[in-house]
Structures are given as C-alpha cells and as structure tokens.
>>> print(open('input11.txt').read())   # compact mmCIF, C-alpha atoms
# COMPACT_ATOMS: atom_id res chain seq x y z
CA MET W 528 -8.24 -16.72 -0.58
CA PRO W 529 -6.21 -16.74 -3.77
CA THR W 530 -2.45 -16.78 -4.14
CA PHE W 531 -0.76 -14.91 -7.01
CA THR W 532 2.48 -16.47 -8.23
CA ALA W 533 4.80 -15.26 -10.98
CA THR W 534 4.98 -18.21 -13.36
CA PRO W 535 6.63 -18.75 -16.75
CA VAL W 536 3.98 -18.32 -19.43
CA ASP W 537 4.90 -21.70 -20.90
CA ASP W 538 4.52 -23.53 -17.56
CA PRO W 539 1.90 -26.31 -17.91
CA ALA W 540 -0.52 -24.63 -15.47
CA ALA W 541 -0.21 -21.28 -17.27
CA ARG W 542 -0.55 -22.92 -20.67
CA ASP W 543 -3.70 -24.83 -19.60
CA LEU W 544 -5.31 -21.65 -18.28
CA LEU W 545 -4.42 -19.73 -21.45
CA ALA W 546 -5.88 -22.54 -23.57
CA GLU W 547 -9.14 -22.32 -21.58
CA TYR W 548 -9.17 -18.54 -21.94
CA PHE W 549 -8.58 -18.66 -25.68
CA ALA W 550 -11.21 -21.39 -26.17
CA MET W 551 -13.75 -19.28 -24.26
CA ARG W 552 -12.91 -16.19 -26.32
CA VAL W 553 -13.20 -18.09 -29.63
CA SER W 554 -16.56 -19.60 -28.65
CA THR W 555 -18.08 -16.27 -27.51
CA PHE W 556 -16.45 -13.85 -29.96
CA PRO W 557 -18.80 -12.38 -32.57
CA GLY W 558 -18.45 -14.45 -35.74
CA HIS W 559 -16.00 -16.75 -33.93
CA THR W 560 -13.16 -14.77 -35.52
CA TYR W 561 -11.05 -14.27 -32.38
CA THR W 562 -7.33 -14.34 -33.19
CA THR W 563 -5.44 -16.62 -30.78
CA VAL W 564 -1.75 -16.05 -30.13
CA PHE W 565 0.00 -17.93 -27.33
CA PRO W 566 2.56 -15.53 -25.86
CA ASP W 567 6.30 -16.04 -26.03
CA ARG W 568 8.06 -16.58 -22.70
CA PRO W 569 10.51 -13.60 -22.91
CA VAL W 570 7.62 -11.12 -23.26
CA PHE W 571 6.44 -12.03 -19.75
CA GLU W 572 9.82 -12.22 -17.97
CA PRO W 573 11.23 -9.27 -16.00
CA PRO W 574 11.97 -6.59 -16.91
CA ALA W 575 9.84 -7.05 -20.05
CA GLY W 576 6.87 -8.27 -18.03
CA VAL W 577 5.51 -10.93 -15.72
CA PHE W 578 2.85 -13.62 -15.92
CA VAL W 579 0.84 -14.62 -12.84
CA VAL W 580 -1.08 -17.79 -12.06
CA VAL W 581 -3.89 -17.49 -9.53
CA THR W 582 -4.22 -20.46 -7.19
CA ASP W 583 -7.24 -21.20 -5.02
CA ASP W 584 -5.66 -21.99 -1.67
CA ALA W 585 -6.20 -25.39 -0.12
CA THR W 586 -9.01 -25.84 2.35
CA GLU W 587 -9.96 -28.69 4.59
CA ASP W 588 -11.94 -30.19 1.71
CA THR W 589 -9.89 -29.23 -1.36
CA GLU W 590 -6.30 -29.04 -2.59
CA ALA W 591 -4.80 -25.83 -3.90
CA HIS W 592 -5.27 -25.60 -7.66
CA PRO W 593 -4.79 -23.05 -10.48
CA VAL W 594 -7.94 -21.05 -11.25
CA GLY W 595 -6.81 -18.03 -13.24
CA CYS W 596 -4.06 -16.00 -14.81
CA GLY W 597 -3.00 -12.66 -16.17
CA GLY W 598 0.11 -10.80 -17.14
CA ILE W 599 1.72 -7.49 -17.89
CA ARG W 600 4.16 -6.73 -20.67
CA ARG W 601 6.07 -3.60 -21.56
CA VAL W 602 4.82 -1.76 -24.63
CA ASP W 603 5.89 1.48 -26.29
CA GLU W 604 6.08 4.46 -23.95
CA GLY W 605 2.99 6.61 -23.66
CA PRO W 606 2.43 10.24 -22.68
CA LEU W 607 3.19 9.41 -19.03
CA GLY W 608 6.37 7.46 -19.79
CA VAL W 609 6.99 3.76 -19.17
CA ARG W 610 3.87 1.79 -20.07
CA TYR W 611 2.87 -1.80 -19.38
CA GLU W 612 -0.12 -3.60 -20.83
CA VAL W 613 -2.44 -6.03 -19.02
CA LYS W 614 -2.93 -9.23 -21.03
CA HIS W 615 -4.86 -12.50 -20.77
CA LEU W 616 -6.78 -11.75 -17.58
CA TYR W 617 -8.83 -14.88 -16.90
CA LEU W 618 -10.55 -16.51 -13.95
CA ARG W 619 -12.40 -19.79 -14.16
CA PRO W 620 -16.19 -19.35 -13.88
CA GLU W 621 -16.41 -20.98 -10.45
CA THR W 622 -14.24 -18.21 -8.95
CA ARG W 623 -16.13 -15.24 -10.34
CA GLY W 624 -18.03 -12.93 -8.05
CA ARG W 625 -15.49 -13.26 -5.22
CA GLY W 626 -13.54 -10.09 -6.02
CA TRP W 627 -10.54 -12.03 -7.26
CA GLY W 628 -10.45 -10.18 -10.59
CA ARG W 629 -9.94 -6.94 -8.68
CA LEU W 630 -7.24 -8.58 -6.54
CA LEU W 631 -5.49 -9.84 -9.68
CA ILE W 632 -5.58 -6.37 -11.25
CA GLU W 633 -4.15 -4.90 -8.03
CA ASP W 634 -1.38 -7.52 -7.99
CA LEU W 635 -0.47 -6.78 -11.61
CA GLU W 636 -0.48 -3.03 -10.91
CA GLN W 637 2.00 -3.49 -8.06
CA ARG W 638 4.22 -5.62 -10.26
CA ALA W 639 4.09 -2.97 -12.99
CA ILE W 640 5.04 -0.26 -10.51
CA SER W 641 7.97 -2.37 -9.30
CA LEU W 642 9.15 -2.56 -12.93
CA GLY W 643 9.01 1.23 -13.25
CA ALA W 644 5.65 1.67 -14.99
CA ARG W 645 4.03 5.09 -14.98
CA GLU W 646 0.92 3.85 -16.82
CA LEU W 647 -0.99 0.61 -17.22
CA VAL W 648 -3.08 0.06 -20.35
CA LEU W 649 -5.27 -2.68 -21.73
CA ASP W 650 -7.58 -3.45 -24.58
CA THR W 651 -10.80 -5.43 -24.52
CA HIS W 652 -13.91 -6.17 -26.51
CA HIS W 653 -17.23 -4.46 -25.82
CA THR W 654 -18.94 -7.86 -25.44
CA LEU W 655 -16.89 -8.50 -22.26
CA GLU W 656 -19.18 -6.32 -20.17
CA ALA W 657 -18.13 -7.71 -16.77
CA ALA W 658 -14.47 -7.14 -17.66
CA GLY W 659 -15.24 -3.55 -18.64
CA ARG W 660 -16.97 -2.96 -15.30
CA LEU W 661 -13.98 -4.49 -13.48
CA TYR W 662 -11.52 -2.23 -15.27
CA GLU W 663 -13.59 0.89 -14.62
CA ALA W 664 -14.03 -0.03 -10.93
CA ALA W 665 -10.24 -0.47 -10.71
CA GLY W 666 -9.72 3.12 -11.94
CA PHE W 667 -9.12 2.56 -15.64
CA THR W 668 -10.58 5.13 -18.02
CA ALA W 669 -11.23 5.04 -21.76
CA ILE W 670 -8.26 6.11 -23.90
CA ASP W 671 -7.53 6.34 -27.61
CA PRO W 672 -6.40 3.07 -29.22
CA TYR W 673 -2.71 2.42 -28.61
CA ASN W 674 -2.53 -0.71 -30.79
CA ASP W 675 -4.23 -2.37 -33.74
CA ASN W 676 -5.44 -5.52 -31.95
CA PRO W 677 -8.16 -7.05 -34.21
CA ASN W 678 -9.87 -8.50 -31.10
CA ALA W 679 -10.28 -5.11 -29.37
CA THR W 680 -13.00 -2.50 -29.54
CA ARG W 681 -12.18 -0.62 -26.31
CA TRP W 682 -8.93 0.67 -24.83
CA TYR W 683 -8.31 1.70 -21.22
CA GLY W 684 -5.48 3.33 -19.28
CA LYS W 685 -4.55 4.13 -15.70
CA SER W 686 -1.86 6.40 -14.31
CA LEU W 687 0.25 4.65 -11.68
CA ALA W 688 1.51 6.47 -8.61
CA GLY W 689 5.02 5.57 -7.58
CA GLY W 690 6.08 4.29 -11.00
>>> encode(input="input11.txt", output="structure tokens")
Amino acid sequence: MPTFTATPVDDPAARDLLAEYFAMRVSTFPGHTYTTVFPDRPVFEPPAGVFVVVTDDATEDTEAHPVGCGGIRRVDEGPLGVRYEVKHLYLRPETRGRGWGRLLIEDLEQRAISLGARELVLDTHHTLEAAGRLYEAAGFTAIDPYNDNPNATRWYGKSLAGG
C-alpha cells in the first residue's frame, strides 16, 4: 500500500518525480509544445497549499521508494468560496492500475478540506484520457475554464463537504 507524505516541492524526491512528470508530458503533448514550470515552494506550503509524495511501502523484497506525487494550491475564490487546485498528479507507470490515483485524489481532497476549501478544481488535457476517467470517477464534473493554462483543454470542479 502507498504512503502519502507532505513534502516540500523542492525536496529531491519531489523534484525528481516532477522532472519525470514534465518529461512525460513534453514527450506526449501534441506538437511537443508543453510548457514546463517547476513550482515555487511557498505555493505548496500551508495555508497556500501542500505537496505530497507517494511512497510504495517496503515489502519483504523491496525497500520503500517514491513512486508519485501531486499537490493542491489555493487559487482565486470561486462561486462556492475558498478554492484549491489539484496540480502535478503523477504516478510512475509501474504503479498504475492499483487504484493509487484515486487514493491520492482522496488524500488531496482531505488536505484541501482541512485548509478550508469549499471547492477543488483542476485542469487537464483531453489526450490524458485515463486522468479524465479518474477525475470523473472521483466526482469531478466539467466546469468553465477558470484559468488560461496553455496546456489545458478541459477543466473540472468538485464541491467539498465540510470545507
């Protein structure tokens, strides 16, 4: 099972995972025109946000090691009030299909609620079909664009109970 740990976004493990994520996005993005921006640490520190590293727990045969990441950051308020945005959700290919993406989304939702969020939003690209299915399965629905991200073609939102 995975462990989800709040980690500074400039921590070496976080930075390595983000570099992998960005390299994958550049290589698969239509026209290879993906805009890469490594995030600044304060954006993902409470109360502005949080960044999480996913670790595959140690087993009898393997040591625990980082396998994914994701974060939330506060953005401008929306119609429901305090709004956080999911960013840089990534799991290494060998972990996919285990339900860990859903667990990571749930972890980030709980962290957003604890920071007072009433809504969680995200943007994605239509070519990331598995990601779109994950977001929809997690209760996100299509919304109007809330930003001008040149890498995005779809925007999603989710009302959070308890925020």
>>> residues_near_point(input="input11.txt", point="(-2.5, -8.0, -7.8)", cutoff="10 Å", atoms="all atoms listed in the file", output="list of chain:residue names")
W:Thr530, W:Phe531, W:Thr532, W:Val579, W:Val581, W:Gly597, W:Trp627, W:Gly628, W:Arg629, W:Leu630, W:Leu631, W:Ile632, W:Glu633, W:Asp634, W:Leu635, W:Glu636, W:Gln637, W:Arg638, W:Ala639
>>> residues_around(input="input11.txt", residues="Ala540 in chain W", least_positions_apart="2", cutoff="12 Å", atoms="all atoms listed in the file", output="list in words")
Thr532, Ala533, Thr534, Pro535, Val536, Asp537, Asp538, Arg542, Asp543, Leu544, Leu545, Ala546, Glu547, Phe578, Val579, Val580, Val581, Thr582, His592, Pro593, Val594, Gly595 and Cys596 of chain W
>>> residues_around(input="input11.txt", residues="range 673-682 of chain W", least_positions_apart="4", cutoff="6 Å", atoms="all atoms listed in the file", output="PDB file with C-alpha atoms, in the frame of the given file")
ATOM      1  CA  LEU W 649      -5.270  -2.680 -21.730  1.00  0.00           C
ATOM      2  CA  ASP W 650      -7.580  -3.450 -24.580  1.00  0.00           C
ATOM      3  CA  THR W 651     -10.800  -5.430 -24.520  1.00  0.00           C
ATOM      4  CA  HIS W 652     -13.910  -6.170 -26.510  1.00  0.00           C
ATOM      5  CA  HIS W 653     -17.230  -4.460 -25.820  1.00  0.00           C
ATOM      6  CA  ALA W 669     -11.230   5.040 -21.760  1.00  0.00           C
TER       7      ALA W 669
END
>>> closest_atom_pairs(input="input11.txt", of="range 634-665 of chain W", to="range 618-623 of chain W", cutoff="12 Å", atoms="only C-alpha atoms", output="CSV")
residue,atom,partner,partner_atom,distance
W:Ala657,CA,W:Arg623,CA,10.1
W:Ala658,CA,W:Leu618,CA,10.8
W:Leu661,CA,W:Arg623,CA,11.4
>>> closest_residue(input="input11.txt", among="W:Val648, W:Ala550, W:Leu607, W:Val577", to="Val564 in chain W", atoms="only C-alpha atoms")
W:Ala550
>>> build_atoms(input="input11.txt", residues="range 592-603 of chain W", atoms="N, CA, C and O atoms", output="PDB file, keeping the file's coordinate frame")
ATOM      1  N   HIS W 592      -5.301 -25.332  -6.229  1.00  0.00           N
ATOM      2  CA  HIS W 592      -5.270 -25.600  -7.660  1.00  0.00           C
ATOM      3  C   HIS W 592      -5.363 -24.289  -8.452  1.00  0.00           C
ATOM      4  O   HIS W 592      -5.964 -23.323  -7.984  1.00  0.00           O
ATOM      5  N   PRO W 593      -4.760 -24.255  -9.652  1.00  0.00           N
ATOM      6  CA  PRO W 593      -4.790 -23.050 -10.480  1.00  0.00           C
ATOM      7  C   PRO W 593      -6.211 -22.735 -10.959  1.00  0.00           C
ATOM      8  O   PRO W 593      -6.934 -23.639 -11.378  1.00  0.00           O
ATOM      9  N   VAL W 594      -6.587 -21.449 -10.858  1.00  0.00           N
ATOM     10  CA  VAL W 594      -7.940 -21.050 -11.250  1.00  0.00           C
ATOM     11  C   VAL W 594      -7.960 -19.808 -12.142  1.00  0.00           C
ATOM     12  O   VAL W 594      -9.028 -19.385 -12.578  1.00  0.00           O
ATOM     13  N   GLY W 595      -6.799 -19.226 -12.419  1.00  0.00           N
ATOM     14  CA  GLY W 595      -6.810 -18.030 -13.240  1.00  0.00           C
ATOM     15  C   GLY W 595      -5.405 -17.563 -13.565  1.00  0.00           C
ATOM     16  O   GLY W 595      -4.414 -18.132 -13.093  1.00  0.00           O
ATOM     17  N   CYS W 596      -5.354 -16.512 -14.379  1.00  0.00           N
ATOM     18  CA  CYS W 596      -4.060 -16.000 -14.810  1.00  0.00           C
ATOM     19  C   CYS W 596      -4.196 -14.579 -15.333  1.00  0.00           C
ATOM     20  O   CYS W 596      -5.295 -14.075 -15.545  1.00  0.00           O
ATOM     21  N   GLY W 597      -3.069 -13.980 -15.553  1.00  0.00           N
ATOM     22  CA  GLY W 597      -3.000 -12.660 -16.170  1.00  0.00           C
ATOM     23  C   GLY W 597      -1.548 -12.231 -16.209  1.00  0.00           C
ATOM     24  O   GLY W 597      -0.711 -12.780 -15.491  1.00  0.00           O
ATOM     25  N   GLY W 598      -1.266 -11.258 -17.039  1.00  0.00           N
ATOM     26  CA  GLY W 598       0.110 -10.800 -17.140  1.00  0.00           C
ATOM     27  C   GLY W 598       0.193  -9.341 -17.500  1.00  0.00           C
ATOM     28  O   GLY W 598      -0.810  -8.700 -17.827  1.00  0.00           O
ATOM     29  N   ILE W 599       1.405  -8.834 -17.399  1.00  0.00           N
ATOM     30  CA  ILE W 599       1.720  -7.490 -17.890  1.00  0.00           C
ATOM     31  C   ILE W 599       2.956  -7.603 -18.766  1.00  0.00           C
ATOM     32  O   ILE W 599       3.827  -8.435 -18.522  1.00  0.00           O
ATOM     33  N   ARG W 600       2.981  -6.776 -19.797  1.00  0.00           N
ATOM     34  CA  ARG W 600       4.160  -6.730 -20.670  1.00  0.00           C
ATOM     35  C   ARG W 600       4.425  -5.275 -21.038  1.00  0.00           C
ATOM     36  O   ARG W 600       3.497  -4.457 -21.159  1.00  0.00           O
ATOM     37  N   ARG W 601       5.696  -4.968 -21.199  1.00  0.00           N
ATOM     38  CA  ARG W 601       6.070  -3.600 -21.560  1.00  0.00           C
ATOM     39  C   ARG W 601       5.721  -3.358 -23.018  1.00  0.00           C
ATOM     40  O   ARG W 601       5.956  -4.213 -23.883  1.00  0.00           O
ATOM     41  N   VAL W 602       5.147  -2.198 -23.269  1.00  0.00           N
ATOM     42  CA  VAL W 602       4.820  -1.760 -24.630  1.00  0.00           C
ATOM     43  C   VAL W 602       5.477  -0.396 -24.835  1.00  0.00           C
ATOM     44  O   VAL W 602       6.128   0.140 -23.935  1.00  0.00           O
ATOM     45  N   ASP W 603       5.300   0.179 -26.004  1.00  0.00           N
ATOM     46  CA  ASP W 603       5.890   1.480 -26.290  1.00  0.00           C
ATOM     47  C   ASP W 603       5.457   2.503 -25.247  1.00  0.00           C
ATOM     48  O   ASP W 603       4.320   2.479 -24.762  1.00  0.00           O
TER      49      ASP W 603
END
